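The structure file final-v9.csv is reproduced below (CSV, C-alpha atoms).
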```
chain,number,residue,atom,x,y,z
W,1,MET,CA,105.3,-29.0,-93.7
W,2,VAL,CA,104.1,-25.5,-92.7
W,3,ARG,CA,100.4,-25.3,-92.2
W,4,VAL,CA,98.9,-22.2,-93.9
W,5,ILE,CA,95.4,-20.8,-93.1
W,6,VAL,CA,94.0,-18.0,-95.2
W,7,ARG,CA,90.5,-16.6,-95.1
W,8,VAL,CA,88.9,-13.6,-96.7
W,9,GLN,CA,85.6,-13.0,-95.0
W,10,LYS,CA,82.9,-10.5,-94.1
W,11,GLU,CA,82.4,-11.9,-90.6
W,12,ASN,CA,84.3,-10.8,-87.6
W,13,PHE,CA,86.7,-13.2,-86.0
W,14,ILE,CA,87.4,-14.1,-82.4
W,15,LEU,CA,91.2,-13.6,-81.8
W,16,GLN,CA,91.7,-16.3,-79.2
W,17,ASN,CA,89.8,-18.9,-81.1
W,18,GLU,CA,92.0,-18.2,-84.2
W,19,ILE,CA,95.2,-18.4,-82.2
W,20,ASP,CA,94.1,-21.6,-80.6
W,21,ASN,CA,93.3,-23.1,-84.0
W,22,LEU,CA,96.7,-22.1,-85.4
W,23,LYS,CA,98.5,-23.7,-82.4
W,24,SER,CA,96.4,-26.9,-82.8
W,25,ILE,CA,97.3,-27.5,-86.5
W,26,CYS,CA,101.0,-27.2,-86.0
W,27,LYS,CA,102.8,-30.5,-86.1
W,28,GLU,CA,105.1,-29.5,-83.3
W,29,ILE,CA,104.2,-27.4,-80.3
W,30,PRO,CA,105.3,-23.8,-81.1
W,31,GLY,CA,107.7,-22.1,-78.8
W,32,ALA,CA,106.4,-18.8,-80.0
W,33,LEU,CA,103.3,-17.4,-81.7
W,34,SER,CA,103.3,-13.8,-82.9
W,35,SER,CA,100.1,-12.1,-84.0
W,36,PHE,CA,99.0,-8.7,-85.3
W,37,VAL,CA,95.5,-7.4,-85.4
W,38,GLY,CA,94.6,-4.3,-87.4
W,39,TYR,CA,91.6,-2.1,-86.6
W,40,VAL,CA,89.6,0.6,-88.3
W,41,ARG,CA,90.9,4.0,-87.1
W,42,ASP,CA,88.7,6.9,-86.4
W,43,PHE,CA,91.1,9.4,-88.0
W,44,SER,CA,93.0,9.2,-91.3
W,45,ASN,CA,95.1,12.0,-92.8
W,46,GLY,CA,93.8,14.3,-90.1
W,47,LYS,CA,90.2,13.7,-91.0
W,48,LYS,CA,87.5,11.9,-88.9
W,49,ILE,CA,86.2,8.8,-90.6
W,50,SER,CA,83.0,6.9,-89.8
W,51,THR,CA,83.4,3.7,-91.8
W,52,LEU,CA,86.0,1.9,-94.0
W,53,THR,CA,84.8,-0.1,-97.0
W,54,ILE,CA,87.1,-2.8,-98.3
W,55,GLU,CA,86.7,-4.5,-101.7
W,56,HIS,CA,88.7,-7.4,-103.1
W,57,TYR,CA,89.0,-9.6,-106.1
W,58,PRO,CA,87.8,-13.1,-105.0
W,59,GLY,CA,90.1,-15.9,-105.9
W,60,MET,CA,93.0,-13.7,-106.7
W,61,THR,CA,93.0,-12.3,-103.1
W,62,GLU,CA,93.2,-15.7,-101.5
W,63,LYS,CA,95.9,-16.8,-103.8
W,64,MET,CA,98.0,-13.7,-103.0
W,65,LEU,CA,97.5,-14.2,-99.3
W,66,THR,CA,98.6,-17.8,-99.6
W,67,ASP,CA,101.7,-16.8,-101.6
W,68,ILE,CA,102.6,-14.2,-98.9
W,69,SER,CA,102.3,-16.9,-96.2
W,70,LYS,CA,104.3,-19.5,-98.2
W,71,ASN,CA,107.0,-16.9,-98.9
W,72,ALA,CA,107.2,-16.1,-95.2
W,73,SER,CA,107.6,-19.8,-94.4
W,74,GLN,CA,110.5,-20.0,-96.9
W,75,LYS,CA,112.3,-17.2,-95.2
W,76,TRP,CA,111.8,-18.3,-91.6
W,77,PRO,CA,111.5,-21.7,-89.8
W,78,LEU,CA,107.7,-21.6,-89.3
W,79,LEU,CA,105.3,-24.3,-88.1
W,80,GLY,CA,102.2,-22.4,-89.3
W,81,THR,CA,100.8,-19.1,-90.6
W,82,LEU,CA,97.4,-17.5,-90.4
W,83,ILE,CA,96.0,-14.6,-92.3
W,84,ILE,CA,92.4,-13.5,-92.0
W,85,HIS,CA,91.3,-10.3,-93.9
W,86,ARG,CA,87.8,-8.9,-93.7
W,87,PHE,CA,85.9,-7.1,-96.5
W,88,GLY,CA,82.8,-5.0,-96.7
W,89,THR,CA,81.8,-1.9,-94.7
W,90,LEU,CA,83.5,-1.8,-91.3
W,91,ASN,CA,82.9,0.6,-88.5
W,92,VAL,CA,85.5,2.5,-86.4
W,93,ASN,CA,87.3,0.1,-84.0
W,94,ASP,CA,86.2,-3.1,-86.0
W,95,GLN,CA,88.9,-5.7,-86.6
W,96,ILE,CA,90.2,-5.7,-90.2
W,97,VAL,CA,93.0,-8.2,-90.3
W,98,LEU,CA,94.8,-10.9,-88.3
W,99,ALA,CA,98.2,-12.1,-89.3
W,100,ALA,CA,100.0,-14.7,-87.1
W,101,SER,CA,103.0,-16.9,-87.3
W,102,ALA,CA,104.0,-19.9,-85.2
W,103,SER,CA,107.6,-21.0,-84.8
W,104,ILE,CA,109.9,-22.8,-82.4
W,105,HIS,CA,111.7,-19.4,-82.0
W,106,ARG,CA,110.2,-16.0,-81.1
W,107,LYS,CA,112.4,-14.0,-83.5
W,108,ALA,CA,111.2,-16.0,-86.5
W,109,ALA,CA,107.5,-15.6,-85.4
W,110,PHE,CA,107.9,-11.8,-84.9
W,111,GLU,CA,109.7,-11.2,-88.2
W,112,ALA,CA,107.5,-13.5,-90.3
W,113,THR,CA,104.3,-11.7,-88.9
W,114,GLU,CA,105.8,-8.3,-89.7
W,115,TYR,CA,106.8,-9.5,-93.2
W,116,MET,CA,103.3,-10.8,-93.9
W,117,MET,CA,101.7,-7.5,-92.8
W,118,ASP,CA,104.2,-5.4,-94.9
W,119,TYR,CA,103.3,-7.5,-98.0
W,120,LEU,CA,99.5,-7.4,-97.2
W,121,LYS,CA,99.6,-3.6,-97.1
W,122,THR,CA,101.3,-3.3,-100.4
W,123,SER,CA,100.7,-6.4,-102.6
W,124,ALA,CA,97.3,-7.9,-101.7
W,125,PRO,CA,94.4,-6.9,-104.1
W,126,PHE,CA,92.3,-4.9,-101.7
W,127,TRP,CA,90.8,-1.5,-102.4
W,128,LYS,CA,89.8,0.7,-99.4
W,129,SER,CA,87.6,3.8,-99.2
W,130,GLU,CA,87.0,5.8,-96.1
W,131,ARG,CA,83.8,7.6,-95.3
W,132,VAL,CA,84.7,11.2,-94.5
W,133,ASN,CA,81.6,13.3,-93.7
W,134,LYS,CA,79.3,12.3,-96.6
W,135,ASP,CA,82.1,11.5,-99.1
W,136,ASN,CA,83.9,8.3,-99.9
W,137,VAL,CA,87.6,8.8,-100.2
W,138,TRP,CA,89.8,6.1,-101.8
W,139,VAL,CA,92.8,5.2,-99.6
W,140,GLU,CA,96.0,5.7,-101.6
W,141,ALA,CA,99.2,3.6,-101.3
W,142,LYS,CA,101.8,5.1,-98.9
W,143,LEU,CA,105.5,5.3,-99.6
W,144,ASP,CA,106.3,4.2,-96.0
W,145,ASP,CA,104.5,0.9,-96.7
W,146,GLU,CA,106.5,0.3,-99.8
W,147,LEU,CA,109.8,1.1,-98.0
W,148,ALA,CA,108.8,-1.3,-95.2
W,149,LYS,CA,108.2,-4.1,-97.7
W,150,ASP,CA,111.5,-3.4,-99.6
W,151,ARG,CA,113.6,-4.1,-96.5
W,152,TRP,CA,112.7,-7.8,-96.8
W,153,LYS,CA,114.4,-8.2,-100.2
```

Spell out the structure here as structure tokens.
Amino acid sequence: MVRVIVRVQKENFILQNEIDNLKSICKEIPGALSSFVGYVRDFSNGKKISTLTIEHYPGMTEKMLTDISKNASQKWPLLGTLIIHRFGTLNVNDQIVLAASASIHRKAAFEATEYMMDYLKTSAPFWKSERVNKDNVWVEAKLDDELAKDRWK
């Protein structure tokens, strides 16, 4: 049985602690663990931003992240998955998201982590606005993200 960890939280996370936790809950010792951490950029669409505000729909968000994790575990032989996504107002260089997959094989771990991120970017119920000068600008969906997701079908 694949172990799935999903958290949506305001607080920051400590990467090594989260990776160690994922390893510890796997029934077997993973041969590979792949992780991705996303950070708040300082520029977006050529404009300097100062903060990123992320809103979400509680309950629905956790369910969608769990579904994304479970779908990954049906496509690849995984031992465990982890998704942590933050919400609230974040500063430049703050961590936003952690996605990780544990598997016996590195290729499965790499691909499953990439799959989870592609679906997080396009299917998870998060709304983002960037602070540009004194204005809040909503972040729109990108065609490249949709195309990245579509390759997994």

Point-to-point distance from CA of Leu33 (chain W) to CA of Thr113 (chain W), Å rounded to tenths: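 CA of Thr113 (chain W) lies at a distance of 9.2 Å from CA of Leu33 (chain W).
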
Given all atoms listed in the file as the counted atoms, nearest of W:Val132, W:Ala148, W:Ala99, W:Val6 to Val37 (chain W): W:Ala99

Selected residue of minimal separation from Val97 (chain W) among W:Arg131, W:Arg3, W:Lys27, W:Lys10, counting all atoms listed in the file: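 Nearest candidate to Val97 (chain W) out of W:Arg131, W:Arg3, W:Lys27, W:Lys10: W:Lys10.
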
One-decimal distance in Å that lies between CA of Glu146 (chain W) and CA of Leu22 (chain W):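 Computing it gives 28.4 Å between the two atoms.
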
Closest of W:Ala32, W:Leu52, W:Ser73, W:Pro58 to Asp135 (chain W) - atom-to-atom distances counting all atoms listed in the file: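 Once distances to Asp135 (chain W) are computed over all atoms listed in the file, the minimum belongs to W:Leu52.
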
Counting only C-alpha atoms, the residue of W:Ser35, W:Asn45, W:Thr53, W:Gln16 that sits nearest Trp127 (chain W):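 Residue with the minimum atom-to-atom distance to Trp127 (chain W): W:Thr53.
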
Residue nearest Leu147 (chain W) - candidates W:Leu82, W:Asp118, W:Ala108, W:Glu18, atoms counted: all atoms listed in the file: W:Asp118
